[in-house]
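File shown here: model.json, holding JSON, C-alpha atoms.
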```json
[["chain", "number", "residue", "atom", "x", "y", "z"],
["A", 1, "MET", "CA", 0.00, 0.00, 0.00],
["A", 2, "MET", "CA", 2.79, 2.45, 0.87],
["A", 3, "ALA", "CA", 4.62, 1.45, -2.32],
["A", 4, "ASP", "CA", 1.53, 2.40, -4.35],
["A", 5, "ALA", "CA", 1.33, 5.78, -2.64],
["A", 6, "ALA", "CA", 5.03, 6.38, -3.21],
["A", 7, "SER", "CA", 4.79, 5.45, -6.89],
["A", 8, "ARG", "CA", 1.73, 7.71, -7.35],
["A", 9, "GLY", "CA", 3.61, 10.54, -5.63],
["A", 10, "ASP", "CA", 6.62, 10.01, -7.89],
["A", 11, "ALA", "CA", 4.39, 9.91, -10.97],
["A", 12, "LYS", "CA", 2.61, 13.09, -9.91],
["A", 13, "GLU", "CA", 5.92, 14.82, -9.24],
["A", 14, "ALA", "CA", 7.27, 13.75, -12.64],
["A", 15, "GLN", "CA", 4.11, 15.01, -14.33],
["A", 16, "GLN", "CA", 4.38, 18.37, -12.54],
["A", 17, "ARG", "CA", 8.04, 18.64, -13.48],
["A", 18, "GLU", "CA", 7.24, 17.88, -17.12],
["A", 19, "SER", "CA", 4.42, 20.44, -17.09],
["A", 20, "TRP", "CA", 6.73, 23.04, -15.57],
["A", 21, "ASP", "CA", 9.44, 22.32, -18.17],
["A", 22, "GLN", "CA", 6.94, 22.72, -21.02],
["A", 23, "LEU", "CA", 5.69, 25.99, -19.57],
["A", 24, "LYS", "CA", 9.25, 27.22, -19.08],
["A", 25, "LYS", "CA", 10.12, 26.42, -22.72],
["A", 26, "ARG", "CA", 6.97, 28.15, -23.93],
["A", 27, "ILE", "CA", 7.73, 31.29, -21.90],
["A", 28, "LYS", "CA", 11.36, 31.41, -23.05],
["A", 29, "ALA", "CA", 10.34, 30.98, -26.68],
["A", 30, "SER", "CA", 7.79, 33.78, -26.38],
["A", 31, "VAL", "CA", 10.21, 36.15, -24.66],
["A", 32, "ASN", "CA", 12.94, 35.43, -27.23],
["A", 33, "ARG", "CA", 10.54, 36.30, -30.07],
["A", 34, "ALA", "CA", 9.37, 39.55, -28.44],
["A", 35, "ASN", "CA", 10.00, 42.87, -30.15],
["A", 36, "ILE", "CA", 8.26, 46.22, -30.37],
["A", 37, "GLY", "CA", 5.98, 45.11, -33.19],
["A", 38, "ASN", "CA", 4.64, 41.94, -31.58],
["A", 39, "ILE", "CA", 4.71, 42.70, -27.85],
["A", 40, "LYS", "CA", 0.91, 42.81, -27.64],
["A", 41, "ASP", "CA", 0.64, 39.33, -29.17],
["A", 42, "ILE", "CA", 3.40, 37.99, -26.91],
["A", 43, "ILE", "CA", 1.67, 39.28, -23.77],
["A", 44, "VAL", "CA", -1.61, 37.66, -24.84],
["A", 45, "GLU", "CA", 0.30, 34.44, -25.51],
["A", 46, "LEU", "CA", 1.97, 34.57, -22.09],
["A", 47, "PHE", "CA", -1.38, 35.06, -20.36],
["A", 48, "GLY", "CA", -2.63, 32.03, -22.27],
["A", 49, "ALA", "CA", 0.33, 30.00, -21.04],
["A", 50, "ASN", "CA", -1.36, 29.25, -17.70],
["A", 51, "LEU", "CA", 0.65, 31.80, -15.75],
["A", 52, "THR", "CA", -2.30, 32.31, -13.45],
["A", 53, "SER", "CA", -1.30, 29.27, -11.40],
["A", 54, "PHE", "CA", 2.10, 30.88, -10.80],
["A", 55, "THR", "CA", 1.17, 33.95, -8.80],
["A", 56, "ALA", "CA", 4.78, 34.99, -8.17],
["A", 57, "VAL", "CA", 5.46, 35.05, -11.91],
["A", 58, "TYR", "CA", 2.20, 36.81, -12.61],
["A", 59, "ALA", "CA", 2.93, 39.41, -9.90],
["A", 60, "ALA", "CA", 6.36, 40.03, -11.43],
["A", 61, "LEU", "CA", 4.73, 40.55, -14.81],
["A", 62, "ILE", "CA", 2.26, 43.00, -13.25],
["A", 63, "ALA", "CA", 5.19, 44.81, -11.60],
["A", 64, "VAL", "CA", 6.86, 45.26, -14.99],
["A", 65, "ILE", "CA", 3.64, 46.53, -16.54],
["A", 66, "ASN", "CA", 3.09, 48.74, -13.49],
["A", 67, "THR", "CA", 6.31, 50.66, -14.21],
["A", 68, "LYS", "CA", 4.79, 51.96, -17.45],
["A", 69, "LEU", "CA", 1.08, 51.87, -16.59],
["A", 70, "PRO", "CA", 0.66, 52.45, -12.84],
["A", 71, "LEU", "CA", -3.12, 52.29, -13.08],
["A", 72, "ILE", "CA", -2.87, 48.59, -13.94],
["A", 73, "GLY", "CA", -1.14, 47.83, -10.64],
["A", 74, "GLU", "CA", -3.63, 49.95, -8.74],
["A", 75, "LEU", "CA", -6.53, 48.19, -10.47],
["A", 76, "MET", "CA", -5.12, 44.75, -9.64],
["A", 77, "VAL", "CA", -4.60, 45.63, -5.98],
["A", 78, "THR", "CA", -8.06, 47.19, -5.70],
["A", 79, "ARG", "CA", -9.76, 44.18, -7.23],
["A", 80, "LEU", "CA", -7.80, 41.74, -5.10],
["A", 81, "VAL", "CA", -8.68, 43.67, -1.94],
["A", 82, "LEU", "CA", -12.35, 43.63, -2.91],
["A", 83, "GLN", "CA", -12.14, 39.91, -3.67],
["A", 84, "PHE", "CA", -10.46, 39.30, -0.31],
["A", 85, "ARG", "CA", -13.10, 41.35, 1.55],
["A", 86, "ARG", "CA", -15.94, 39.40, -0.07],
["A", 87, "ALA", "CA", -14.26, 36.09, 0.67],
["A", 88, "PHE", "CA", -13.54, 37.14, 4.25],
["A", 89, "LYS", "CA", -17.19, 38.09, 4.84],
["A", 90, "ARG", "CA", -18.35, 34.77, 3.36],
["A", 91, "ASP", "CA", -15.78, 32.74, 5.31],
["A", 92, "ASP", "CA", -14.40, 31.36, 2.04],
["A", 93, "LYS", "CA", -10.95, 30.25, 3.21],
["A", 94, "GLY", "CA", -9.75, 29.07, -0.21],
["A", 95, "LEU", "CA", -10.51, 32.37, -1.89],
["A", 96, "CYS", "CA", -9.06, 34.29, 1.07],
["A", 97, "ILE", "CA", -5.80, 32.38, 0.80],
["A", 98, "SER", "CA", -5.50, 32.82, -2.96],
["A", 99, "SER", "CA", -6.27, 36.55, -2.69],
["A", 100, "VAL", "CA", -3.79, 37.22, 0.10],
["A", 101, "MET", "CA", -1.13, 35.14, -1.61],
["A", 102, "PHE", "CA", -1.43, 37.25, -4.74],
["A", 103, "LEU", "CA", -1.41, 40.42, -2.62],
["A", 104, "ALA", "CA", 1.69, 39.12, -0.83],
["A", 105, "HIS", "CA", 3.50, 38.66, -4.13],
["A", 106, "LEU", "CA", 2.40, 42.12, -5.26],
["A", 107, "SER", "CA", 3.75, 43.53, -1.98],
["A", 108, "ASN", "CA", 7.04, 41.72, -2.54],
["A", 109, "GLN", "CA", 7.20, 43.33, -5.99],
["A", 110, "ARG", "CA", 6.34, 46.73, -4.44],
["A", 111, "VAL", "CA", 3.14, 47.06, -6.42],
["A", 112, "ALA", "CA", 1.03, 46.93, -3.24],
["A", 113, "HIS", "CA", 2.14, 49.05, -0.28],
["A", 114, "GLU", "CA", 3.46, 47.26, 2.80],
["A", 115, "VAL", "CA", 0.86, 49.00, 4.96],
["A", 116, "LEU", "CA", -1.79, 46.95, 3.14],
["A", 117, "ALA", "CA", 0.01, 43.78, 4.21],
["A", 118, "PHE", "CA", 0.00, 44.90, 7.85],
["A", 119, "GLN", "CA", -3.69, 45.81, 7.59],
["A", 120, "ILE", "CA", -4.53, 42.35, 6.27],
["A", 121, "VAL", "CA", -2.69, 40.67, 9.14],
["A", 122, "SER", "CA", -4.35, 43.01, 11.64],
["A", 123, "LEU", "CA", -7.82, 42.33, 10.24],
["A", 124, "LEU", "CA", -7.32, 38.57, 10.26],
["A", 125, "LEU", "CA", -5.98, 38.51, 13.83],
["A", 126, "GLU", "CA", -8.57, 40.93, 15.25],
["A", 127, "THR", "CA", -10.80, 37.99, 16.18],
["A", 128, "PRO", "CA", -8.63, 34.94, 15.50],
["A", 129, "THR", "CA", -10.14, 31.68, 14.35],
["A", 130, "ASP", "CA", -8.42, 28.54, 13.10],
["A", 131, "ASP", "CA", -9.08, 29.58, 9.51],
["A", 132, "SER", "CA", -7.95, 33.18, 9.92],
["A", 133, "VAL", "CA", -4.72, 32.06, 11.60],
["A", 134, "GLU", "CA", -4.13, 29.61, 8.75],
["A", 135, "VAL", "CA", -4.60, 32.44, 6.22],
["A", 136, "VAL", "CA", -2.20, 34.68, 8.17],
["A", 137, "VAL", "CA", 0.40, 31.91, 8.29],
["A", 138, "ALA", "CA", 0.18, 31.38, 4.52],
["A", 139, "PHE", "CA", 0.34, 35.14, 3.93],
["A", 140, "THR", "CA", 3.28, 35.66, 6.28],
["A", 141, "ARG", "CA", 5.25, 32.85, 4.65],
["A", 142, "GLU", "CA", 5.13, 34.77, 1.39],
["A", 143, "VAL", "CA", 5.54, 38.37, 2.55],
["A", 144, "GLY", "CA", 7.15, 38.05, 5.99],
["A", 145, "ALA", "CA", 10.78, 38.39, 4.92],
["A", 146, "PHE", "CA", 9.96, 41.47, 2.87],
["A", 147, "LEU", "CA", 8.06, 43.08, 5.75],
["A", 148, "GLY", "CA", 10.88, 42.21, 8.14],
["A", 149, "SER", "CA", 13.36, 44.00, 5.91],
["A", 150, "ILE", "CA", 11.15, 47.09, 5.63],
["A", 151, "VAL", "CA", 10.22, 47.42, 9.31],
["A", 152, "PRO", "CA", 12.94, 46.15, 11.65]]
```
How would this structure read if it were set down as structure tokens?
Amino acid sequence: MMADAASRGDAKEAQQRESWDQLKKRIKASVNRANIGNIKDIIVELFGANLTSFTAVYAALIAVINTKLPLIGELMVTRLVLQFRRAFKRDDKGLCISSVMFLAHLSNQRVAHEVLAFQIVSLLLETPTDDSVEVVVAFTREVGAFLGSIVP
């Protein structure tokens, strides 16, 4: 029984590694083909490359776009905060975690202000529950080092 679980785990890991390698090749190929004339097409292609499951990569892309179009970063942060607030009111832990993880990556990229990160932690720990503590732990794992470097 344990051998079956180990073999399934190995197979799943190999499949994830293969998927990651394919995505990596696709991204590199797209970036290598990018120029001024086709940048719009390349960005659409990158968004179609399933980057949404890689929030750190997606946040980095938003940070690059934010340098030229700051309203895009502000829009992303605003929508994520609204999504987090709705999820928090509905006690939807999965959506809360995904929203705060994306906000953590945007904070790490300096798209979202660090005060927002402290406000999220404060809100979640105001009346702590098992779920809110779990969300804070996930959030702090992603943004904690950055916040520690900003505020000693």
Exercise for the section: Rank A:Lys89, A:Val111, A:Asn38, A:Arg79 by their smallest atom-to-atom distance to A:Thr67, using only C-alpha atoms, and report the top residue only. Expected result: A:Val111
Exercise for the section: Would you mind listing what lies within 10 Å of stretch 130-133 of chain A as a VMD selection string, with all atoms listed in the file counted and same-chain residues fewer than 2 positions away left out? Expected result: chain A and resid 88 91 to 94 96 to 97 121 123 to 128 135 to 139
How close does stretch 122-147 of chain A get to stretch 102-106 of chain A? List, as CSV, each residue of stretch 122-147 of chain A within 10 Å, its nearest atom pair and the distance in Å to one decimal, counting all atoms listed in the file.
```
residue,atom,partner,partner_atom,distance
A:Ala138,CA,A:Ala104,CA,9.5
A:Phe139,CA,A:Ala104,CA,6.3
A:Thr140,CA,A:Ala104,CA,8.1
A:Arg141,CA,A:Ala104,CA,9.1
A:Glu142,CA,A:Ala104,CA,6.0
A:Val143,CA,A:Ala104,CA,5.2
A:Gly144,CA,A:Ala104,CA,8.8
A:Phe146,CA,A:Ala104,CA,9.4
A:Leu147,CA,A:Ala104,CA,10.0
```
Handout entry: Proximity to A:Ala117 - best of A:Thr55, A:Asn35, A:Asn66, A:Ser99, all atoms listed in the file
Key = A:Ser99
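Each of A:Val100, A:Ile39, A:Ile65, A:Ala14 was compared to A:Gln83 using all atoms listed in the file, and A:Val100 turns out to be the nearest.
Taking all atoms listed in the file, the non-local environment of A:Glu114 within 9 Å (same-chain residues fewer than 4 positions away omitted) comprises Ser107, Asn108, Arg110, Phe118, Gln119, Phe146, Leu147 and Ile150 of chain A.
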Problem - Who sits within 8 Å of A:Ala60, only C-alpha atoms, same chain under 2 positions skipped, as a PyMOL selection string - result: chain A and resi 56-58+62-64+105-106+109
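Of the listed residues A:Leu46, A:Ala59, A:Val115, A:Val151, the one whose atoms come nearest to A:Leu23 is A:Leu46, with distances taken using all atoms listed in the file.
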Handout entry: Interatomic distance, atom CA of A:Lys28 to atom CA of A:Ile42 (Å, one decimal)
Key = 11.0 Å
Problem - Using all atoms listed in the file: which of A:His113, A:Arg90, A:Lys40, A:Lys24 has the shortest distance to A:Thr78 - result: A:His113
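Restricting the calculation to all atoms listed in the file, the smallest distance between A:Val81 and any of A:Leu69, A:Ala112, A:Ile27, A:Ala34 is found for A:Ala112.
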Enclosing box along x, y and z for every listed atom of stretch 128-131 of chain A, padded 4 Å each side, centre and size in Å, one decimal, as AutoDock Vina command-line options:
```
--center_x -9.3 --center_y 31.7 --center_z 12.5 --size_x 9.7 --size_y 14.4 --size_z 14.0
```
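Across the model, the gap from atom CA of A:Arg26 to atom CA of A:Glu45 is 9.3 Å.
If you look at atom CA of A:Met101 and atom CA of A:Phe84, they are 10.3 Å away from each other.
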Output stretch 135-150 of chain A with N, CA, C and O atoms present, as a PDB file, in the frame of the given file.
```
ATOM      1  N   VAL A 135      -4.788  31.471   7.311  1.00  0.00           N
ATOM      2  CA  VAL A 135      -4.600  32.440   6.220  1.00  0.00           C
ATOM      3  C   VAL A 135      -3.423  33.356   6.534  1.00  0.00           C
ATOM      4  O   VAL A 135      -2.593  33.633   5.662  1.00  0.00           O
ATOM      5  N   VAL A 136      -3.315  33.802   7.782  1.00  0.00           N
ATOM      6  CA  VAL A 136      -2.200  34.680   8.170  1.00  0.00           C
ATOM      7  C   VAL A 136      -0.869  33.949   8.027  1.00  0.00           C
ATOM      8  O   VAL A 136       0.116  34.526   7.564  1.00  0.00           O
ATOM      9  N   VAL A 137      -0.841  32.678   8.414  1.00  0.00           N
ATOM     10  CA  VAL A 137       0.400  31.910   8.290  1.00  0.00           C
ATOM     11  C   VAL A 137       0.817  31.802   6.825  1.00  0.00           C
ATOM     12  O   VAL A 137       1.986  32.029   6.481  1.00  0.00           O
ATOM     13  N   ALA A 138      -0.129  31.481   5.953  1.00  0.00           N
ATOM     14  CA  ALA A 138       0.180  31.380   4.520  1.00  0.00           C
ATOM     15  C   ALA A 138       0.655  32.730   3.979  1.00  0.00           C
ATOM     16  O   ALA A 138       1.632  32.805   3.219  1.00  0.00           O
ATOM     17  N   PHE A 139      -0.013  33.793   4.376  1.00  0.00           N
ATOM     18  CA  PHE A 139       0.340  35.140   3.930  1.00  0.00           C
ATOM     19  C   PHE A 139       1.726  35.538   4.420  1.00  0.00           C
ATOM     20  O   PHE A 139       2.550  36.045   3.661  1.00  0.00           O
ATOM     21  N   THR A 140       1.996  35.271   5.687  1.00  0.00           N
ATOM     22  CA  THR A 140       3.280  35.660   6.280  1.00  0.00           C
ATOM     23  C   THR A 140       4.434  34.874   5.682  1.00  0.00           C
ATOM     24  O   THR A 140       5.539  35.402   5.556  1.00  0.00           O
ATOM     25  N   ARG A 141       4.186  33.634   5.308  1.00  0.00           N
ATOM     26  CA  ARG A 141       5.250  32.850   4.650  1.00  0.00           C
ATOM     27  C   ARG A 141       5.714  33.525   3.370  1.00  0.00           C
ATOM     28  O   ARG A 141       6.889  33.472   3.018  1.00  0.00           O
ATOM     29  N   GLU A 142       4.786  34.156   2.672  1.00  0.00           N
ATOM     30  CA  GLU A 142       5.130  34.770   1.390  1.00  0.00           C
ATOM     31  C   GLU A 142       5.698  36.182   1.531  1.00  0.00           C
ATOM     32  O   GLU A 142       6.579  36.566   0.788  1.00  0.00           O
ATOM     33  N   VAL A 143       5.175  36.960   2.474  1.00  0.00           N
ATOM     34  CA  VAL A 143       5.540  38.370   2.550  1.00  0.00           C
ATOM     35  C   VAL A 143       6.356  38.704   3.796  1.00  0.00           C
ATOM     36  O   VAL A 143       6.864  39.811   3.913  1.00  0.00           O
ATOM     37  N   GLY A 144       6.508  37.771   4.712  1.00  0.00           N
ATOM     38  CA  GLY A 144       7.150  38.050   5.990  1.00  0.00           C
ATOM     39  C   GLY A 144       8.569  38.562   5.893  1.00  0.00           C
ATOM     40  O   GLY A 144       8.943  39.521   6.574  1.00  0.00           O
ATOM     41  N   ALA A 145       9.383  37.942   5.052  1.00  0.00           N
ATOM     42  CA  ALA A 145      10.780  38.390   4.920  1.00  0.00           C
ATOM     43  C   ALA A 145      10.849  39.817   4.388  1.00  0.00           C
ATOM     44  O   ALA A 145      11.661  40.628   4.848  1.00  0.00           O
ATOM     45  N   PHE A 146       9.992  40.119   3.428  1.00  0.00           N
ATOM     46  CA  PHE A 146       9.960  41.470   2.870  1.00  0.00           C
ATOM     47  C   PHE A 146       9.560  42.480   3.939  1.00  0.00           C
ATOM     48  O   PHE A 146      10.178  43.519   4.098  1.00  0.00           O
ATOM     49  N   LEU A 147       8.507  42.169   4.696  1.00  0.00           N
ATOM     50  CA  LEU A 147       8.060  43.080   5.750  1.00  0.00           C
ATOM     51  C   LEU A 147       9.117  43.232   6.840  1.00  0.00           C
ATOM     52  O   LEU A 147       9.301  44.324   7.381  1.00  0.00           O
ATOM     53  N   GLY A 148       9.804  42.143   7.151  1.00  0.00           N
ATOM     54  CA  GLY A 148      10.880  42.210   8.140  1.00  0.00           C
ATOM     55  C   GLY A 148      12.017  43.090   7.704  1.00  0.00           C
ATOM     56  O   GLY A 148      12.670  43.743   8.519  1.00  0.00           O
ATOM     57  N   SER A 149      12.283  43.141   6.412  1.00  0.00           N
ATOM     58  CA  SER A 149      13.360  44.000   5.910  1.00  0.00           C
ATOM     59  C   SER A 149      12.952  45.460   5.852  1.00  0.00           C
ATOM     60  O   SER A 149      13.787  46.342   5.958  1.00  0.00           O
ATOM     61  N   ILE A 150      11.643  45.712   5.691  1.00  0.00           N
ATOM     62  CA  ILE A 150      11.150  47.090   5.630  1.00  0.00           C
ATOM     63  C   ILE A 150      11.054  47.700   7.026  1.00  0.00           C
ATOM     64  O   ILE A 150      11.485  48.812   7.272  1.00  0.00           O
TER      65      ILE A 150
END
```
